[in-house]
>>> print(open('target.cif').read())   # mmCIF, C-alpha atoms and all ligand atoms
data_my_file
#
loop_
_atom_site.label_atom_id
_atom_site.label_comp_id
_atom_site.auth_asym_id
_atom_site.auth_seq_id
_atom_site.Cartn_x
_atom_site.Cartn_y
_atom_site.Cartn_z
CA MET S 1 -6.95 12.70 -0.77
CA ALA S 2 -9.11 12.86 -3.91
CA ALA S 3 -12.00 14.23 -1.82
CA ARG S 4 -9.76 16.73 -0.05
CA ASP S 5 -8.26 18.10 -3.26
CA LEU S 6 -11.61 18.29 -5.07
CA ALA S 7 -13.31 20.02 -2.14
CA ALA S 8 -10.37 22.42 -1.81
CA ALA S 9 -10.82 23.26 -5.52
CA GLY S 10 -14.48 24.14 -4.88
CA ALA S 11 -16.21 20.91 -5.99
CA ARG S 12 -19.18 19.50 -4.07
CA VAL S 13 -17.92 16.21 -2.67
CA LEU S 14 -19.57 13.37 -0.78
CA ILE S 15 -17.37 10.71 0.88
CA LEU S 16 -19.01 7.35 1.55
CA ASP S 17 -17.50 4.63 3.71
CA ARG S 18 -19.06 1.49 5.13
CA GLU S 19 -17.21 2.13 8.42
CA ARG S 20 -17.37 4.78 11.10
CA PHE S 21 -14.02 6.50 11.58
CA PRO S 22 -11.58 6.01 13.14
CA ARG S 23 -11.65 2.41 11.88
CA TYR S 24 -9.12 -0.42 11.93
CA LYS S 25 -7.44 -1.42 8.64
CA ALA S 26 -5.25 -4.52 8.44
CA CYS S 27 -1.99 -2.84 7.48
CA ALA S 28 1.54 -2.63 8.87
CA GLY S 29 1.32 1.16 8.57
CA GLY S 30 4.85 1.71 7.25
CA ILE S 31 4.91 4.85 5.15
CA PRO S 32 8.00 5.70 3.12
CA ARG S 33 9.35 9.13 4.03
CA ARG S 34 8.76 10.33 0.46
CA THR S 35 5.01 10.21 1.19
CA ARG S 36 5.40 13.44 3.17
CA GLY S 37 6.39 15.20 -0.05
CA LEU S 38 3.10 14.16 -1.63
CA LEU S 39 0.92 15.54 1.16
CA PRO S 40 -0.19 19.15 1.41
CA PHE S 41 -0.32 18.99 5.25
CA PRO S 42 1.88 17.59 8.03
CA ILE S 43 1.28 14.11 9.48
CA ASP S 44 3.60 14.32 12.52
CA ALA S 45 0.62 14.18 14.90
CA VAL S 46 -0.10 10.58 13.87
CA VAL S 47 3.44 9.27 13.31
CA GLU S 48 4.12 6.80 16.12
CA GLU S 49 7.77 6.14 15.35
CA SER S 50 10.32 7.06 12.69
CA VAL S 51 12.58 4.29 11.54
CA HIS S 52 16.18 4.39 10.31
CA LEU S 53 17.37 0.83 11.08
CA PHE S 54 16.57 -2.22 8.96
CA ASP S 55 17.18 -5.58 10.66
CA ILE S 56 17.13 -8.40 8.09
CA SER S 57 17.27 -12.10 8.70
CA VAL S 58 17.38 -14.77 6.02
CA ARG S 59 16.37 -18.38 6.53
CA ASN S 60 16.93 -17.93 10.25
CA SER S 61 20.68 -18.30 9.66
CA VAL S 62 21.93 -14.92 8.38
CA ARG S 63 21.17 -11.67 10.15
CA PHE S 64 22.41 -8.12 9.64
CA VAL S 65 21.36 -4.54 10.32
CA ARG S 66 21.51 -1.68 7.82
CA ASP S 67 21.31 1.97 8.88
CA SER S 68 19.76 4.59 6.62
CA GLY S 69 21.44 7.31 8.69
CA ARG S 70 18.15 9.18 8.91
CA PRO S 71 14.51 8.09 8.87
CA PHE S 72 13.32 6.29 5.74
CA LEU S 73 9.98 5.05 7.09
CA ASP S 74 7.29 6.57 9.28
CA MET S 75 5.12 4.26 11.35
CA VAL S 76 1.41 4.97 11.66
CA MET S 77 -1.66 3.11 12.86
CA ARG S 78 -4.11 3.30 10.01
CA ASP S 79 -7.09 4.20 12.22
CA ARG S 80 -5.40 7.45 13.29
CA PHE S 81 -3.70 8.16 9.96
CA ASP S 82 -6.84 7.63 7.86
CA ALA S 83 -8.92 9.67 10.34
CA LEU S 84 -6.45 12.54 9.86
CA LEU S 85 -6.85 12.38 6.06
CA LEU S 86 -10.63 12.33 6.47
CA GLU S 87 -10.49 15.30 8.84
CA ARG S 88 -8.48 17.29 6.28
CA ALA S 89 -11.02 16.43 3.56
CA GLU S 90 -13.89 17.56 5.78
CA GLU S 91 -12.06 20.77 6.66
CA ALA S 92 -11.69 21.43 2.91
CA GLY S 93 -15.48 21.15 2.61
CA ALA S 94 -16.19 17.50 1.74
CA GLU S 95 -19.24 15.92 3.37
CA PHE S 96 -18.76 12.51 5.02
CA ARG S 97 -21.45 9.87 5.31
CA PRO S 98 -20.15 7.02 7.52
CA ALA S 99 -21.58 3.49 7.87
CA THR S 100 -22.83 3.53 4.28
CA MET S 101 -22.21 0.27 2.48
CA VAL S 102 -22.12 0.89 -1.27
CA ARG S 103 -23.68 -1.97 -3.23
CA SER S 104 -23.48 -0.73 -6.81
CA VAL S 105 -22.25 2.04 -9.04
CA GLU S 106 -23.94 2.64 -12.36
CA GLU S 107 -22.67 4.92 -15.07
CA THR S 108 -25.29 6.93 -16.89
CA GLY S 109 -24.73 9.15 -19.92
CA ARG S 110 -24.25 12.27 -17.82
CA GLY S 111 -22.79 10.90 -14.61
CA VAL S 112 -23.03 8.08 -12.08
CA THR S 113 -25.58 6.69 -9.65
CA VAL S 114 -24.24 5.19 -6.44
CA ARG S 115 -26.56 2.90 -4.50
CA GLY S 116 -26.19 1.52 -1.01
CA GLU S 117 -28.35 0.27 1.83
CA GLY S 118 -31.15 2.85 2.09
CA PHE S 119 -29.06 5.25 0.07
CA GLU S 120 -28.85 6.56 -3.48
CA ALA S 121 -26.90 9.49 -4.92
CA ASP S 122 -26.30 10.92 -8.38
CA ALA S 123 -22.99 12.58 -9.16
CA SER S 124 -21.03 13.80 -12.14
CA PHE S 125 -18.06 11.58 -11.25
CA VAL S 126 -17.10 8.85 -8.81
CA VAL S 127 -13.66 8.01 -7.45
CA GLY S 128 -13.58 4.37 -6.32
CA ALA S 129 -11.11 4.36 -3.42
CA ASP S 130 -12.81 1.30 -1.95
CA GLY S 131 -9.85 -1.04 -1.62
CA ALA S 132 -8.87 -4.46 -2.92
CA ASN S 133 -12.44 -5.81 -3.06
CA SER S 134 -13.76 -2.69 -4.79
CA VAL S 135 -17.49 -2.63 -5.49
CA THR S 136 -16.91 0.30 -7.84
CA ALA S 137 -14.55 -1.85 -9.93
CA ARG S 138 -16.93 -4.83 -9.97
CA SER S 139 -19.98 -2.73 -10.83
CA LEU S 140 -18.28 -1.00 -13.73
CA GLY S 141 -16.34 -3.99 -15.06
CA LEU S 142 -13.01 -2.35 -14.18
CA GLY S 143 -9.84 -3.85 -12.73
CA ALA S 144 -10.47 -7.28 -14.29
CA GLY S 145 -7.32 -9.42 -14.37
CA LEU S 146 -5.44 -7.68 -11.54
CA ALA S 147 -2.96 -9.98 -9.80
CA SER S 148 -3.12 -10.32 -6.03
CA CYS S 149 -1.43 -11.68 -2.92
CA ALA S 150 -2.46 -12.15 0.70
CA ALA S 151 -1.16 -10.60 3.90
CA LEU S 152 -1.89 -11.22 7.56
CA GLU S 153 -1.44 -8.65 10.30
CA VAL S 154 -1.30 -9.11 14.08
CA GLU S 155 -1.18 -6.21 16.54
CA LEU S 156 0.63 -7.15 19.76
CA ARG S 157 0.88 -5.13 22.94
CA LEU S 158 4.61 -4.56 23.39
CA PRO S 159 6.02 -5.92 26.64
CA PRO S 160 7.76 -2.84 28.24
CA LEU S 161 11.02 -4.72 28.79
CA ARG S 162 11.31 -5.48 25.07
CA ARG S 163 10.81 -1.87 23.93
CA ALA S 164 14.50 -1.07 23.30
CA THR S 165 14.87 -4.02 20.88
CA PHE S 166 12.51 -2.37 18.41
CA ASP S 167 13.39 1.32 18.80
CA HIS S 168 13.54 2.99 15.36
CA THR S 169 13.96 -0.47 13.80
CA VAL S 170 11.95 -2.60 11.40
CA LEU S 171 12.63 -6.31 11.35
CA ILE S 172 12.19 -8.33 8.18
CA GLU S 173 12.54 -12.09 7.85
CA MET S 174 13.09 -13.20 4.27
CA ASP S 175 13.02 -16.52 2.51
CA TYR S 176 9.53 -17.87 2.27
CA ARG S 177 8.91 -19.94 -0.87
CA PRO S 178 8.42 -18.99 -3.65
CA TRP S 179 8.55 -15.49 -2.16
CA GLY S 180 7.33 -13.45 0.81
CA TYR S 181 8.51 -12.06 4.12
CA SER S 182 7.50 -11.43 7.71
CA TRP S 183 7.87 -8.11 9.45
CA VAL S 184 7.86 -6.33 12.80
CA PHE S 185 6.94 -2.65 12.66
CA PRO S 186 7.22 -0.71 15.95
CA LYS S 187 4.33 1.47 17.14
CA GLU S 188 3.61 3.35 20.38
CA GLY S 189 3.37 0.55 22.97
CA ALA S 190 2.56 -1.99 20.27
CA LEU S 191 4.09 -4.02 17.47
CA SER S 192 2.54 -4.66 14.07
CA ILE S 193 3.71 -8.12 13.06
CA GLY S 194 2.70 -9.72 9.81
CA ILE S 195 3.46 -11.85 6.81
CA VAL S 196 2.88 -11.53 3.09
CA LEU S 197 2.81 -14.55 0.78
CA PRO S 198 1.57 -15.33 -2.72
CA ASP S 199 -2.12 -16.07 -3.19
CA GLY S 200 -3.17 -19.59 -2.25
CA GLN S 201 -0.97 -19.84 0.88
CA GLY S 202 -3.65 -18.61 3.26
CA ARG S 203 -3.48 -21.68 5.49
CA ALA S 204 0.32 -21.65 5.77
CA MET S 205 0.27 -17.96 6.62
CA ARG S 206 -1.15 -18.31 10.13
CA THR S 207 1.24 -21.13 11.11
CA ARG S 208 4.27 -19.33 9.72
CA LEU S 209 3.36 -16.11 11.49
CA THR S 210 2.86 -17.95 14.79
CA ASP S 211 6.32 -19.56 14.33
CA TYR S 212 7.86 -16.17 13.61
CA ILE S 213 6.31 -14.61 16.72
CA SER S 214 7.59 -17.52 18.76
CA ARG S 215 11.14 -17.11 17.33
CA LEU S 216 10.96 -13.46 18.38
CA GLY S 217 10.18 -14.60 21.94
CA LEU S 218 6.83 -12.81 21.85
CA SER S 219 4.43 -15.75 22.16
CA ALA S 220 3.21 -14.53 25.56
CA ALA S 221 2.45 -10.97 24.36
CA GLU S 222 -1.21 -9.93 24.27
CA VAL S 223 -2.77 -10.11 20.79
CA VAL S 224 -4.92 -7.03 20.25
CA SER S 225 -6.14 -8.06 16.78
CA ALA S 226 -5.32 -10.44 13.93
CA ARG S 227 -6.68 -9.86 10.45
CA GLY S 228 -5.83 -10.68 6.88
CA HIS S 229 -6.50 -8.87 3.64
CA ASN S 230 -5.46 -9.13 0.04
CA ILE S 231 -3.34 -6.66 -1.93
CA ARG S 232 -3.78 -6.25 -5.69
CA PHE S 233 -1.33 -5.44 -8.46
CA ARG S 234 -1.92 -3.80 -11.83
CA ARG S 235 0.67 -5.25 -14.19
CA GLY S 236 -0.39 -3.99 -17.56
CA GLY S 237 -3.21 -2.17 -19.22
CA GLU S 238 -6.06 -3.30 -16.96
CA ALA S 239 -8.85 -0.73 -17.21
CA ILE S 240 -9.13 1.52 -14.15
CA ALA S 241 -11.26 4.36 -15.52
CA THR S 242 -14.39 5.05 -17.53
CA PRO S 243 -15.58 8.45 -18.74
CA ARG S 244 -17.18 9.08 -15.31
CA ALA S 245 -15.28 6.86 -12.87
CA ALA S 246 -11.70 6.38 -11.69
CA LEU S 247 -10.24 3.74 -9.37
CA THR S 248 -7.44 4.67 -6.99
CA GLY S 249 -5.14 2.81 -4.58
CA ASP S 250 -5.83 -0.88 -3.99
CA ALA S 251 -9.03 -0.74 -6.06
CA ALA S 252 -6.78 -0.05 -9.06
CA GLY S 253 -4.04 -2.50 -8.01
CA LEU S 254 -1.56 0.29 -7.32
CA ALA S 255 0.71 -1.48 -4.83
CA ASP S 256 4.30 -2.49 -5.53
CA GLU S 257 5.41 -6.08 -5.93
CA PHE S 258 8.82 -5.64 -4.30
CA THR S 259 7.68 -4.53 -0.83
CA GLN S 260 3.87 -4.78 -1.30
CA GLU S 261 3.53 -1.16 -0.14
CA GLY S 262 0.43 0.65 -1.35
CA ILE S 263 -0.21 3.68 0.87
CA VAL S 264 2.02 6.04 -1.06
CA TYR S 265 0.44 5.03 -4.39
CA ALA S 266 -3.06 5.33 -2.94
CA ILE S 267 -2.26 8.92 -1.97
CA GLN S 268 -0.57 9.69 -5.28
CA SER S 269 -3.41 8.20 -7.34
CA GLY S 270 -6.03 9.97 -5.21
CA ARG S 271 -4.42 13.29 -5.99
CA LEU S 272 -4.09 12.41 -9.69
CA ALA S 273 -7.76 11.42 -9.79
CA ALA S 274 -8.78 14.79 -8.32
CA LEU S 275 -6.73 16.61 -10.92
CA GLU S 276 -8.23 14.59 -13.77
CA VAL S 277 -11.80 15.00 -12.45
CA LEU S 278 -11.30 18.77 -12.47
CA ARG S 279 -9.97 18.57 -16.04
CA ALA S 280 -12.74 16.22 -17.18
CA ALA S 281 -15.41 18.49 -15.69
CA GLY S 282 -14.43 21.13 -18.21
CA ARG S 283 -14.08 18.64 -21.07
CA GLU S 284 -17.45 16.97 -21.53
CA GLY S 285 -16.76 14.62 -18.69
CA ASP S 286 -14.23 12.13 -19.95
CA LEU S 287 -12.14 10.75 -17.11
CA ARG S 288 -10.28 8.11 -19.12
CA SER S 289 -7.35 10.53 -19.17
CA TYR S 290 -6.83 9.45 -15.54
CA GLU S 291 -5.72 6.01 -16.74
CA ARG S 292 -3.14 7.63 -18.99
CA ALA S 293 -1.97 9.79 -16.09
CA VAL S 294 -1.47 6.67 -13.93
CA ASP S 295 0.38 4.96 -16.80
CA ARG S 296 2.66 7.98 -17.04
CA GLU S 297 3.17 8.90 -13.37
CA ILE S 298 2.87 5.65 -11.41
CA ALA S 299 3.10 2.58 -13.70
CA PRO S 300 6.86 2.93 -14.51
CA GLU S 301 7.67 2.86 -10.79
CA LEU S 302 5.43 -0.16 -10.17
CA ARG S 303 7.02 -1.98 -13.10
CA ALA S 304 10.51 -1.25 -11.74
CA ALA S 305 9.44 -2.50 -8.29
CA ARG S 306 7.99 -5.66 -9.88
CA LEU S 307 11.24 -6.32 -11.72
CA LEU S 308 13.23 -5.83 -8.50
CA GLY S 309 10.89 -8.22 -6.73
CA TYR S 310 11.41 -10.90 -9.38
CA ILE S 311 15.19 -10.42 -9.39
CA GLY S 312 15.48 -10.19 -5.60
CA TYR S 313 13.27 -13.15 -4.70
CA GLY S 314 14.62 -15.13 -7.67
CA ILE S 315 18.22 -14.73 -6.46
CA LEU S 316 17.30 -15.44 -2.84
CA ARG S 317 15.63 -18.72 -3.81
CA ARG S 318 18.82 -19.96 -5.50
CA LEU S 319 21.40 -18.98 -2.85
CA ARG S 320 22.92 -21.62 -0.61
CA GLY S 321 25.36 -21.71 2.33
CA PRO S 322 27.58 -18.66 2.88
CA TRP S 323 26.24 -17.04 -0.31
CA LEU S 324 22.96 -16.58 1.44
CA GLY S 325 24.18 -13.57 3.34
CA VAL S 326 26.15 -11.98 0.50
CA ALA S 327 23.58 -10.66 -1.95
CA PRO S 328 21.15 -9.20 0.57
CA SER S 329 23.96 -7.49 2.48
CA ILE S 330 25.48 -5.63 -0.53
CA GLY S 331 25.85 -2.01 0.63
CA PRO S 332 24.92 -0.15 -2.58
CA LEU S 333 21.63 -2.05 -2.79
CA TRP S 334 20.60 -0.77 0.61
CA LYS S 335 21.82 2.74 -0.16
CA ALA S 336 19.53 2.73 -3.19
CA PHE S 337 16.63 1.23 -1.23
CA PHE S 338 16.90 3.88 1.48
CA ALA S 339 17.24 6.69 -1.10
CA VAL S 340 14.04 5.51 -2.83
CA HIS S 341 12.13 5.43 0.45
CA ARG S 342 13.41 8.85 1.50
CA GLY S 343 12.31 10.28 -1.86
CA GLU S 344 15.82 11.03 -3.12
CA SER S 345 15.54 8.49 -5.94
CA SER S 346 13.06 6.04 -7.45
CA TYR S 347 13.20 2.34 -8.31
CA HIS S 348 12.89 3.34 -11.93
CA ARG S 349 15.92 5.64 -11.75
CA GLU S 350 18.00 3.11 -9.80
CA LEU S 351 17.32 0.40 -12.39
CA GLN S 352 18.29 2.71 -15.23
CA ARG S 353 21.76 2.99 -13.69
CA ILE S 354 22.34 -0.64 -14.72
CA PRO S 355 21.97 -0.61 -18.52
CA LEU S 356 20.65 -3.80 -20.16
CA LEU S 357 20.18 -5.70 -16.90
CA PRO S 358 16.52 -4.72 -16.42
CA SER S 359 15.44 -5.69 -19.93
CA MET S 360 17.54 -8.88 -19.93
CA ALA S 361 16.25 -9.89 -16.50
CA ALA S 362 12.68 -9.03 -17.44
CA ARG S 363 12.89 -11.28 -20.52
CA ARG S 364 14.64 -14.11 -18.73
CA LEU S 365 12.36 -14.05 -15.72
CA GLY S 366 9.22 -13.49 -17.78
CA VAL S 367 8.26 -10.43 -15.74
CA PRO S 368 4.79 -9.27 -16.78
C1 LIG Y 1 -1.52 -6.90 6.20
C2 LIG Y 1 -1.18 -5.75 5.30
C3 LIG Y 1 -0.09 -4.95 5.59
C4 LIG Y 1 0.21 -3.84 4.77
N1 LIG Y 1 1.26 -3.03 5.12
C5 LIG Y 1 1.54 -1.94 4.37
C6 LIG Y 1 2.57 -1.02 4.77
O1 LIG Y 1 3.22 -1.18 5.79
N2 LIG Y 1 2.80 0.05 3.96
C7 LIG Y 1 2.09 0.28 2.83
O2 LIG Y 1 2.35 1.28 2.13
N3 LIG Y 1 1.09 -0.55 2.45
C8 LIG Y 1 0.78 -1.64 3.20
N4 LIG Y 1 -0.24 -2.46 2.83
C9 LIG Y 1 -1.05 -2.11 1.66
C10 LIG Y 1 -2.01 -0.98 2.07
O3 LIG Y 1 -2.74 -1.35 3.20
C11 LIG Y 1 -2.96 -0.64 0.92
O4 LIG Y 1 -2.23 -0.51 -0.27
C12 LIG Y 1 -3.72 0.66 1.21
O5 LIG Y 1 -4.50 0.52 2.37
C13 LIG Y 1 -4.60 1.04 0.03
O6 LIG Y 1 -5.41 2.12 0.41
P1 LIG Y 1 -6.84 2.36 -0.23
O7 LIG Y 1 -7.32 3.65 0.30
O8 LIG Y 1 -6.77 2.15 -1.69
O9 LIG Y 1 -7.75 1.16 0.31
P2 LIG Y 1 -8.18 0.82 1.81
O10 LIG Y 1 -7.18 1.32 2.77
O11 LIG Y 1 -8.50 -0.65 1.81
O12 LIG Y 1 -9.52 1.66 2.03
C14 LIG Y 1 -10.71 1.30 1.41
C15 LIG Y 1 -11.86 1.97 2.13
O13 LIG Y 1 -13.07 1.69 1.42
C16 LIG Y 1 -14.08 1.30 2.32
N5 LIG Y 1 -14.99 0.41 1.59
C17 LIG Y 1 -14.68 -0.77 1.00
N6 LIG Y 1 -15.76 -1.29 0.40
C18 LIG Y 1 -16.78 -0.44 0.62
C19 LIG Y 1 -18.16 -0.43 0.24
N7 LIG Y 1 -18.70 -1.42 -0.46
N8 LIG Y 1 -18.91 0.63 0.62
C20 LIG Y 1 -18.37 1.64 1.35
N9 LIG Y 1 -17.10 1.69 1.73
C21 LIG Y 1 -16.30 0.66 1.37
C22 LIG Y 1 -13.34 0.61 3.47
O14 LIG Y 1 -14.09 0.63 4.65
C23 LIG Y 1 -12.06 1.44 3.56
O15 LIG Y 1 -12.20 2.51 4.45
C24 LIG Y 1 -0.57 -3.57 3.63
C25 LIG Y 1 -1.67 -4.39 3.33
C26 LIG Y 1 -1.98 -5.47 4.15
C27 LIG Y 1 -3.18 -6.32 3.82
#
>>> encode(input="target.cif", output="C-alpha cells", more="lines below")
Ligand SMILES: Cc1cc2nc3c(=O)[nH]c(=O)nc-3n(C[C@H](O)[C@H](O)[C@H](O)COP(=O)(O)OP(=O)(O)OC[C@H]3O[C@@H](n4cnc5c(N)ncnc54)[C@H](O)[C@@H]3O)c2cc1C
Amino acid sequence: MAARDLAAAGARVLILDRERFPRYKACAGGIPRRTRGLLPFPIDAVVEESVHLFDISVRNSVRFVRDSGRPFLDMVMRDRFDALLLERAEEAGAEFRPATMVRSVEETGRGVTVRGEGFEADASFVVGADGANSVTARSLGLGAGLASCAALEVELRLPPLRRATFDHTVLIEMDYRPWGYSWVFPKEGALSIGIVLPDGQGRAMRTRLTDYISRLGLSAAEVVSARGHNIRFRRGGEAIATPRAALTGDAAGLADEFTQEGIVYAIQSGRLAALEVLRAAGREGDLRSYERAVDREIAPELRAARLLGYIGYGILRRLRGPWLGVAPSIGPLWKAFFAVHRGESSYHRELQRIPLLPSMAARRLGVP
C-alpha cells in the first residue's frame, strides 16, 4: 500500500520481496469489513467468503452462535489478496523486483542503501514492510523490545459434504491457558484452521491443533499446507522510524492483542508511511514524524485491544461451571465487537463508554 500510494503520487518506487508472487503467507486471511474503507480500490475479486456468523465454543463445554446480521469479516487467501495489492502498486507505476532477499539496510546522511544477494540500491527513503522478522528493523536497530506470540496455520481441503457447516461462519474455540484460541475460517473449497498461543508454547501448539481438528471431525481431510509464524506487538514507545526509514505492519508490531489481527493495521500503516514519506521529502528528509502519526492514529486502538485482551482472557481463566458461558455470551459485547469489525465503531470508542473501568482494569491487570 505504501508503494502504491507513493507511486500514485509520482514518486519513483522499487518494491523488493524475497518471494515470487503470488506467494503463500501463513495467515488465516480474515479481514475485518472496515478494511474496505481504508482501500482505494475494491477487493471483491479476491474475497472467498463473507462472514456474518460467529460460532464460539469454550472449554469444549459451552457453545453458542452470534449473528452480526451482515458481514463483519471477509475471507481471503493471502496469496491472491497480496498479489492484488502488488498489482495495484505496479499499475500505479511502482517497479517490482521479486526473489530478492534483502540482507541489510544502511542509513546514510542523505538516504538509505539496501543490499541483497547480488543486489544494491540507493534510495531517499525505505519503508520496511518485511514482516515479523524484519531485516530492516534489525539493520537499523528499530523495533527492539517488541512483544510477540506464535501462531500455526493449516490449510485443509474441505470435504464437499461438510461445506454447509461452515457457510458464512467462523468458528472459534476459546480457553487455552494462559490465553489463546483456535479458529476455522472458511475459504473456497478449503478451510484455514489454526491456533494462536503465547510465545514459548510452540510444541503444545501442534498437538492442540491436531486435537481441535479431530474434535471437528476433520482428521481425514487432506492437509494442503501447515506453517507457523510469529506475530509482534508494539506496546509502548518502541522506535519504528529513523529520519530515512519507517517500519509498517508486523515489522513495527502493529497487530492487536485481542484478536491478533494485523492485516488492517499493515494497510493503515502502509498508507500513513506513504503520506509521511511525501511530507518528509519536502522537509529535509525527516521521517520520524511517521512514528508520531502511528502513535496518534493506530496506537490508541492497539492499546484498547490489548486491554480488552487482558480483561477478556483474564475473566475467562477465572470462570467455572455455568458461569463459563455467561460472560462470553453477553449480547452487548458481541454487538460492540461486530460494530468494530464493520467499521461502525472502534475498540477505543467502545471502552470509553465504560468510564473508569479501562484505567482501573489496566492498573489492576498491569497492562503495558
Ligand atoms: C497463523 C497466522 C494467522 C493470522 N491470521 C490473521 C487474520 O486472520 N487476520 C489478520 O488481520 N491478521 C492475521 N495474522 C497476522 C497477519 O498475517 C500479519 O499481521 C500481516 O501479514 C502483516 O503484514 P505485513 O505486510 O506487515 O507482513 P507480511 O505479510 O509478513 O509480509 C512481509 C513480506 O516481506 C517479505 N520479506 C520478509 N523478509 C524479507 C527479506 N529479508 N527480503 C525481502 N523480502 C522479505 C516476505 O516475503 C513478505 O512478502 C495472522 C498471522 C499468523 C502467523
>>> residues_near_ligand(input="target.cif", ligand="ligand LIG 1 (chain Y)", cutoff="7 Å", atoms="all atoms listed in the file", output="JSON, numbers by chain")
{"S": [16, 17, 18, 19, 25, 26, 27, 28, 29, 30, 31, 100, 101, 102, 103, 129, 130, 131, 132, 133, 134, 135, 150, 151, 152, 153, 194, 228, 229, 230, 231, 248, 249, 250, 251, 255, 260, 261, 262, 263, 264, 266]}
>>> closest_residue(input="target.cif", among="S:Asp211, S:Glu91, S:Asp256, S:Asp67", to="Phe233 of chain S", atoms="only C-alpha atoms")
S:Asp256
>>> residues_near_point(input="target.cif", point="(9.7, -17.6, 15.7)", cutoff="12 Å", atoms="all atoms listed in the file", output="list in words")
Ser57, Arg59, Asn60, Glu173, Ser182, Trp183, Val184, Ile193, Thr207, Arg208, Leu209, Thr210, Asp211, Tyr212, Ile213, Ser214, Arg215, Leu216, Gly217, Leu218 and Ser219 of chain S
>>> closest_residue(input="target.cif", among="S:Gly118, S:Glu87, S:Ala8, S:Lys187", to="Val47 of chain S", atoms="all atoms listed in the file")
S:Lys187
>>> residues_near_point(input="target.cif", point="(18.3, 1.7, 13.0)", cutoff="7 Å", atoms="only C-alpha atoms", output="VMD selection string")
chain S and resid 51 to 54 66 to 67 168 to 169
>>> closest_residue(input="target.cif", among="S:Gly236, S:Gly314, S:Pro198, S:Gly69", to="Ala361 of chain S", atoms="all atoms listed in the file")
S:Gly314
>>> residues_around(input="target.cif", residues="Ser289 of chain S", least_positions_apart="3", cutoff="10 Å", atoms="all atoms listed in the file", output="PDB file with C-alpha atoms, in the frame of the given file")
ATOM      1  CA  ALA S 241     -11.260   4.360 -15.520  1.00  0.00           C
ATOM      2  CA  THR S 242     -14.390   5.050 -17.530  1.00  0.00           C
ATOM      3  CA  PRO S 243     -15.580   8.450 -18.740  1.00  0.00           C
ATOM      4  CA  ALA S 246     -11.700   6.380 -11.690  1.00  0.00           C
ATOM      5  CA  ALA S 273      -7.760  11.420  -9.790  1.00  0.00           C
ATOM      6  CA  GLU S 276      -8.230  14.590 -13.770  1.00  0.00           C
ATOM      7  CA  VAL S 277     -11.800  15.000 -12.450  1.00  0.00           C
ATOM      8  CA  ARG S 279      -9.970  18.570 -16.040  1.00  0.00           C
ATOM      9  CA  ALA S 280     -12.740  16.220 -17.180  1.00  0.00           C
ATOM     10  CA  ASP S 286     -14.230  12.130 -19.950  1.00  0.00           C
ATOM     11  CA  ARG S 292      -3.140   7.630 -18.990  1.00  0.00           C
ATOM     12  CA  ALA S 293      -1.970   9.790 -16.090  1.00  0.00           C
ATOM     13  CA  VAL S 294      -1.470   6.670 -13.930  1.00  0.00           C
ATOM     14  CA  ASP S 295       0.380   4.960 -16.800  1.00  0.00           C
TER      15      ASP S 295
END
>>> closest_residue(input="target.cif", among="S:Arg78, S:Arg234, S:Arg12, S:Arg4", to="Glu48 of chain S", atoms="all atoms listed in the file")
S:Arg78
>>> atom_distance(input="target.cif", atom1="atom CA of Met360 of chain S", atom2="atom CA of Asp199 of chain S")
26.8 Å
>>> atom_distance(input="target.cif", atom1="atom CA of Arg244 of chain S", atom2="atom CA of Arg288 of chain S")
7.9 Å
>>> atom_distance(input="target.cif", atom1="atom CA of Asp74 of chain S", atom2="atom CA of Ser50 of chain S")
4.6 Å
>>> closest_residue(input="target.cif", among="S:Thr35, S:Ser68, S:Thr165, S:Ser225", to="Phe338 of chain S", atoms="all atoms listed in the file")
S:Ser68
>>> decode(input="target.cif", residues="segment 225-235 of chain S", atoms="N, CA and C atoms", output="JSON list (two decimals), in the first residue's frame")
[["chain", "number", "residue", "atom", "x", "y", "z"],
["S", 225, "SER", "N", -1.32, -27.45, 3.44],
["S", 225, "SER", "CA", -0.07, -26.91, 3.99],
["S", 225, "SER", "C", -0.23, -26.69, 5.48],
["S", 226, "ALA", "N", 0.87, -26.63, 6.19],
["S", 226, "ALA", "CA", 0.87, -26.37, 7.63],
["S", 226, "ALA", "C", 2.11, -25.55, 7.95],
["S", 227, "ARG", "N", 1.89, -24.33, 8.41],
["S", 227, "ARG", "CA", 3.05, -23.46, 8.68],
["S", 227, "ARG", "C", 2.80, -22.54, 9.86],
["S", 228, "GLY", "N", 3.84, -22.26, 10.58],
["S", 228, "GLY", "CA", 3.72, -21.34, 11.72],
["S", 228, "GLY", "C", 4.46, -20.04, 11.44],
["S", 229, "HIS", "N", 4.15, -19.05, 12.22],
["S", 229, "HIS", "CA", 4.83, -17.76, 12.10],
["S", 229, "HIS", "C", 4.59, -17.00, 13.39],
["S", 230, "ASN", "N", 5.45, -16.02, 13.67],
["S", 230, "ASN", "CA", 5.16, -15.23, 14.86],
["S", 230, "ASN", "C", 4.46, -13.92, 14.49],
["S", 231, "ILE", "N", 3.85, -13.31, 15.49],
["S", 231, "ILE", "CA", 3.16, -12.03, 15.32],
["S", 231, "ILE", "C", 3.73, -11.12, 16.40],
["S", 232, "ARG", "N", 4.01, -9.86, 16.05],
["S", 232, "ARG", "CA", 4.65, -8.99, 17.05],
["S", 232, "ARG", "C", 3.74, -7.84, 17.46],
["S", 233, "PHE", "N", 3.99, -7.35, 18.67],
["S", 233, "PHE", "CA", 3.13, -6.31, 19.23],
["S", 233, "PHE", "C", 3.96, -5.14, 19.76],
["S", 234, "ARG", "N", 3.60, -3.95, 19.33],
["S", 234, "ARG", "CA", 4.26, -2.74, 19.85],
["S", 234, "ARG", "C", 3.40, -2.23, 21.01],
["S", 235, "ARG", "N", 3.97, -2.22, 22.21],
["S", 235, "ARG", "CA", 3.17, -1.87, 23.38],
["S", 235, "ARG", "C", 3.42, -0.46, 23.88]]
